[in-house]
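Asker: Dumping the structure here so I can ask a few things about it.
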Amino acid sequence: MSLKKQYLKSKPLCKVTFRLNAEAAQDAKEAALCGDFTDWKAQPLTMKKLKSGDFTLTVNLEKDHEYQFRYLIDGEKWENDWDADAYMPSPVSIEDNSVVRV
């Protein structure tokens, strides 16, 4: 898993590419990105499945912020990004959420 960040010069945005690798996805049919920027499960973002079995998605996020997120695999299993910038305790479970800082 990895996070790739590309800061825009013309706007206060950062293009963040989220990648869930095939090993973590474990033959998943679909994966979604959920977080502060999607109102969590209310509006998950569908990730694109690559031939390698990895899932990827690029999202524009406002700079100078910190966002919590997780991957939702096949609509039922939650997975963190172990290359995240940090981890924070989830307010709704005993697990941590991944954090991206832009």
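Ligands are numbered from 1 in the order shown, residues from 1 within each chain, and chains are lettered A, B, ... in the order they appear in the structure tokens.
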Select from range 11-86 of chain A everything DSSP, run on the backbone, classes as helix (DSSP H, G or I), then give the selection as a PDB file with C-alpha atoms, in the first residue's frame.
Answerer:
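Final output, out21.pdb:
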ATOM      1  CA  ALA A  22      -3.393  -7.161  -3.941  1.00  0.00           C
ATOM      2  CA  GLU A  23      -1.956  -8.883  -0.866  1.00  0.00           C
ATOM      3  CA  ALA A  24      -4.036  -6.740   1.491  1.00  0.00           C
ATOM      4  CA  ALA A  25      -7.086  -6.914  -0.798  1.00  0.00           C
ATOM      5  CA  ASP A  36     -13.334  12.210   6.666  1.00  0.00           C
ATOM      6  CA  PHE A  37     -13.497  13.453   3.075  1.00  0.00           C
ATOM      7  CA  THR A  38     -16.332  11.032   2.163  1.00  0.00           C
ATOM      8  CA  TRP A  40     -17.183   7.751   5.918  1.00  0.00           C
ATOM      9  CA  LYS A  41     -19.622   5.104   4.762  1.00  0.00           C
ATOM     10  CA  ALA A  42     -22.217   7.632   3.615  1.00  0.00           C
TER      11      ALA A  42
END
Asker: For Glu62 in chain A, work out the shell of residues within 9 Å, counting only C-alpha atoms and skipping chain neighbours fewer than 4 positions away, then give it as a list in words.
Answerer: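 After dropping sequence-adjacent residues, the list is Lys11, Pro12, Leu13, Cys14, Lys15 and Val102 of chain A.
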Asker: Keeping only N, CA, C and O atoms, take the residues you just selected and write them out as a PDB file, in the first residue's frame.
Answerer:
ATOM      1  N   LYS A  11      -3.596  25.790  -7.172  1.00  0.00           N
ATOM      2  CA  LYS A  11      -4.698  25.705  -6.203  1.00  0.00           C
ATOM      3  C   LYS A  11      -4.179  25.134  -4.889  1.00  0.00           C
ATOM      4  O   LYS A  11      -3.186  24.421  -4.881  1.00  0.00           O
ATOM      5  N   PRO A  12      -4.877  25.417  -3.783  1.00  0.00           N
ATOM      6  CA  PRO A  12      -4.446  24.872  -2.490  1.00  0.00           C
ATOM      7  C   PRO A  12      -4.895  23.417  -2.315  1.00  0.00           C
ATOM      8  O   PRO A  12      -5.546  23.057  -1.347  1.00  0.00           O
ATOM      9  N   LEU A  13      -4.564  22.597  -3.302  1.00  0.00           N
ATOM     10  CA  LEU A  13      -4.979  21.193  -3.300  1.00  0.00           C
ATOM     11  C   LEU A  13      -3.774  20.283  -3.468  1.00  0.00           C
ATOM     12  O   LEU A  13      -2.742  20.677  -3.998  1.00  0.00           O
ATOM     13  N   CYS A  14      -3.978  19.043  -3.049  1.00  0.00           N
ATOM     14  CA  CYS A  14      -2.991  17.998  -3.249  1.00  0.00           C
ATOM     15  C   CYS A  14      -3.708  16.798  -3.861  1.00  0.00           C
ATOM     16  O   CYS A  14      -4.746  16.369  -3.342  1.00  0.00           O
ATOM     17  N   LYS A  15      -3.171  16.281  -4.971  1.00  0.00           N
ATOM     18  CA  LYS A  15      -3.710  15.058  -5.573  1.00  0.00           C
ATOM     19  C   LYS A  15      -3.067  13.894  -4.826  1.00  0.00           C
ATOM     20  O   LYS A  15      -1.855  13.715  -4.891  1.00  0.00           O
ATOM     21  N   VAL A 102      -1.679  16.390   4.302  1.00  0.00           N
ATOM     22  CA  VAL A 102      -1.349  17.109   3.063  1.00  0.00           C
ATOM     23  C   VAL A 102      -1.200  18.595   3.320  1.00  0.00           C
ATOM     24  O   VAL A 102      -1.643  19.099   4.302  1.00  0.00           O
TER      25      VAL A 102
END
Asker: Nearest residue to Arg101 in chain A out of A:Glu30, A:Glu79, A:Asp74, A:Asp85, using only C-alpha atoms?
Answerer: A:Asp85
Asker: Give me every strand (DSSP E) residue in range 1-82 of chain A, going by DSSP on the backbone, as JSON, numbers by chain.
Answerer: {"A": [2, 3, 4, 5, 6, 7, 13, 14, 15, 16, 17, 18, 19, 20, 31, 32, 33, 34, 35, 45, 46, 48, 49, 55, 56, 57, 58, 59, 60, 61, 62, 66, 67, 68, 69, 70, 71, 72, 73, 77, 78, 79]}
Asker: Store the residues picked out above in a file with N, CA and C atoms, as a compact mmCIF listing (two decimals), in the first residue's frame.
Answerer:
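The new file part-v1.txt reads:
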# COMPACT_ATOMS: atom_id res chain seq x y z
N SER A 2 0.35 2.27 -0.54
CA SER A 2 1.15 3.48 -0.56
C SER A 2 0.27 4.69 -0.83
N LEU A 3 0.82 5.82 -0.49
CA LEU A 3 0.20 7.11 -0.74
C LEU A 3 1.15 7.92 -1.60
N LYS A 4 0.66 8.44 -2.70
CA LYS A 4 1.47 9.30 -3.56
C LYS A 4 0.82 10.68 -3.54
N LYS A 5 1.62 11.70 -3.27
CA LYS A 5 1.09 13.07 -3.17
C LYS A 5 1.69 13.95 -4.24
N GLN A 6 0.82 14.73 -4.89
CA GLN A 6 1.26 15.69 -5.89
C GLN A 6 0.56 17.02 -5.58
N TYR A 7 1.34 17.99 -5.11
CA TYR A 7 0.78 19.30 -4.76
C TYR A 7 0.60 20.15 -6.00
N LEU A 13 -4.56 22.60 -3.30
CA LEU A 13 -4.98 21.19 -3.30
C LEU A 13 -3.77 20.28 -3.47
N CYS A 14 -3.98 19.04 -3.05
CA CYS A 14 -2.99 18.00 -3.25
C CYS A 14 -3.71 16.80 -3.86
N LYS A 15 -3.17 16.28 -4.97
CA LYS A 15 -3.71 15.06 -5.57
C LYS A 15 -3.07 13.89 -4.83
N VAL A 16 -3.89 13.14 -4.11
CA VAL A 16 -3.39 12.00 -3.35
C VAL A 16 -3.87 10.72 -4.03
N THR A 17 -2.92 9.87 -4.40
CA THR A 17 -3.26 8.59 -4.99
C THR A 17 -3.15 7.53 -3.89
N PHE A 18 -4.28 6.90 -3.61
CA PHE A 18 -4.36 5.83 -2.62
C PHE A 18 -4.22 4.50 -3.37
N ARG A 19 -3.46 3.58 -2.79
CA ARG A 19 -3.26 2.27 -3.44
C ARG A 19 -3.36 1.17 -2.40
N LEU A 20 -4.29 0.28 -2.63
CA LEU A 20 -4.47 -0.91 -1.79
C LEU A 20 -3.89 -2.07 -2.57
N ALA A 31 -13.23 -2.57 -3.88
CA ALA A 31 -12.68 -1.86 -2.73
C ALA A 31 -13.15 -0.41 -2.82
N ALA A 32 -13.34 0.19 -1.66
CA ALA A 32 -13.77 1.58 -1.60
C ALA A 32 -12.89 2.33 -0.61
N LEU A 33 -12.76 3.61 -0.83
CA LEU A 33 -12.02 4.49 0.06
C LEU A 33 -13.03 5.28 0.88
N CYS A 34 -12.91 5.20 2.19
CA CYS A 34 -13.82 5.92 3.09
C CYS A 34 -12.98 6.75 4.04
N GLY A 35 -13.51 7.89 4.42
CA GLY A 35 -12.78 8.73 5.36
C GLY A 35 -13.51 10.01 5.67
N LEU A 45 -15.85 6.10 -1.93
CA LEU A 45 -15.35 6.28 -3.29
C LEU A 45 -14.87 4.93 -3.82
N THR A 46 -15.41 4.51 -4.94
CA THR A 46 -15.04 3.22 -5.52
C THR A 46 -13.64 3.30 -6.12
N LYS A 48 -10.46 1.71 -8.44
CA LYS A 48 -10.30 0.96 -9.70
C LYS A 48 -9.39 -0.24 -9.45
N LYS A 49 -9.84 -1.41 -9.91
CA LYS A 49 -9.03 -2.62 -9.77
C LYS A 49 -8.10 -2.75 -10.96
N PHE A 55 -5.78 -2.08 -6.04
CA PHE A 55 -6.84 -1.10 -6.25
C PHE A 55 -6.24 0.29 -6.09
N THR A 56 -6.70 1.25 -6.89
CA THR A 56 -6.14 2.60 -6.82
C THR A 56 -7.24 3.65 -7.04
N LEU A 57 -6.98 4.83 -6.50
CA LEU A 57 -7.90 5.96 -6.66
C LEU A 57 -7.15 7.24 -6.32
N THR A 58 -7.35 8.28 -7.13
CA THR A 58 -6.75 9.59 -6.86
C THR A 58 -7.84 10.56 -6.44
N VAL A 59 -7.57 11.28 -5.36
CA VAL A 59 -8.53 12.22 -4.78
C VAL A 59 -7.84 13.56 -4.56
N ASN A 60 -8.54 14.66 -4.85
CA ASN A 60 -8.03 16.00 -4.55
C ASN A 60 -8.42 16.35 -3.12
N LEU A 61 -7.41 16.64 -2.30
CA LEU A 61 -7.65 17.02 -0.91
C LEU A 61 -7.07 18.40 -0.64
N GLU A 62 -7.75 19.16 0.19
CA GLU A 62 -7.30 20.50 0.54
C GLU A 62 -6.00 20.43 1.34
N GLU A 66 -5.33 17.31 7.80
CA GLU A 66 -5.07 15.92 8.16
C GLU A 66 -6.39 15.17 8.01
N TYR A 67 -6.37 14.04 7.33
CA TYR A 67 -7.59 13.28 7.06
C TYR A 67 -7.45 11.84 7.53
N GLN A 68 -8.46 11.34 8.21
CA GLN A 68 -8.51 9.93 8.60
C GLN A 68 -9.21 9.15 7.49
N PHE A 69 -8.74 7.92 7.25
CA PHE A 69 -9.36 7.10 6.21
C PHE A 69 -9.08 5.63 6.46
N ARG A 70 -9.84 4.79 5.76
CA ARG A 70 -9.64 3.34 5.73
C ARG A 70 -10.18 2.82 4.40
N TYR A 71 -9.77 1.61 4.05
CA TYR A 71 -10.28 0.94 2.87
C TYR A 71 -11.38 -0.02 3.29
N LEU A 72 -12.46 -0.07 2.51
CA LEU A 72 -13.56 -1.00 2.75
C LEU A 72 -13.54 -2.03 1.62
N ILE A 73 -13.26 -3.28 1.99
CA ILE A 73 -13.09 -4.35 1.01
C ILE A 73 -14.37 -5.18 0.92
N LYS A 77 -15.15 -5.70 5.00
CA LYS A 77 -13.90 -5.78 5.76
C LYS A 77 -13.14 -4.47 5.67
N TRP A 78 -12.73 -3.94 6.82
CA TRP A 78 -11.97 -2.70 6.88
C TRP A 78 -10.48 -3.01 6.90
N GLU A 79 -9.70 -2.19 6.18
CA GLU A 79 -8.24 -2.36 6.13
C GLU A 79 -7.58 -1.00 6.22
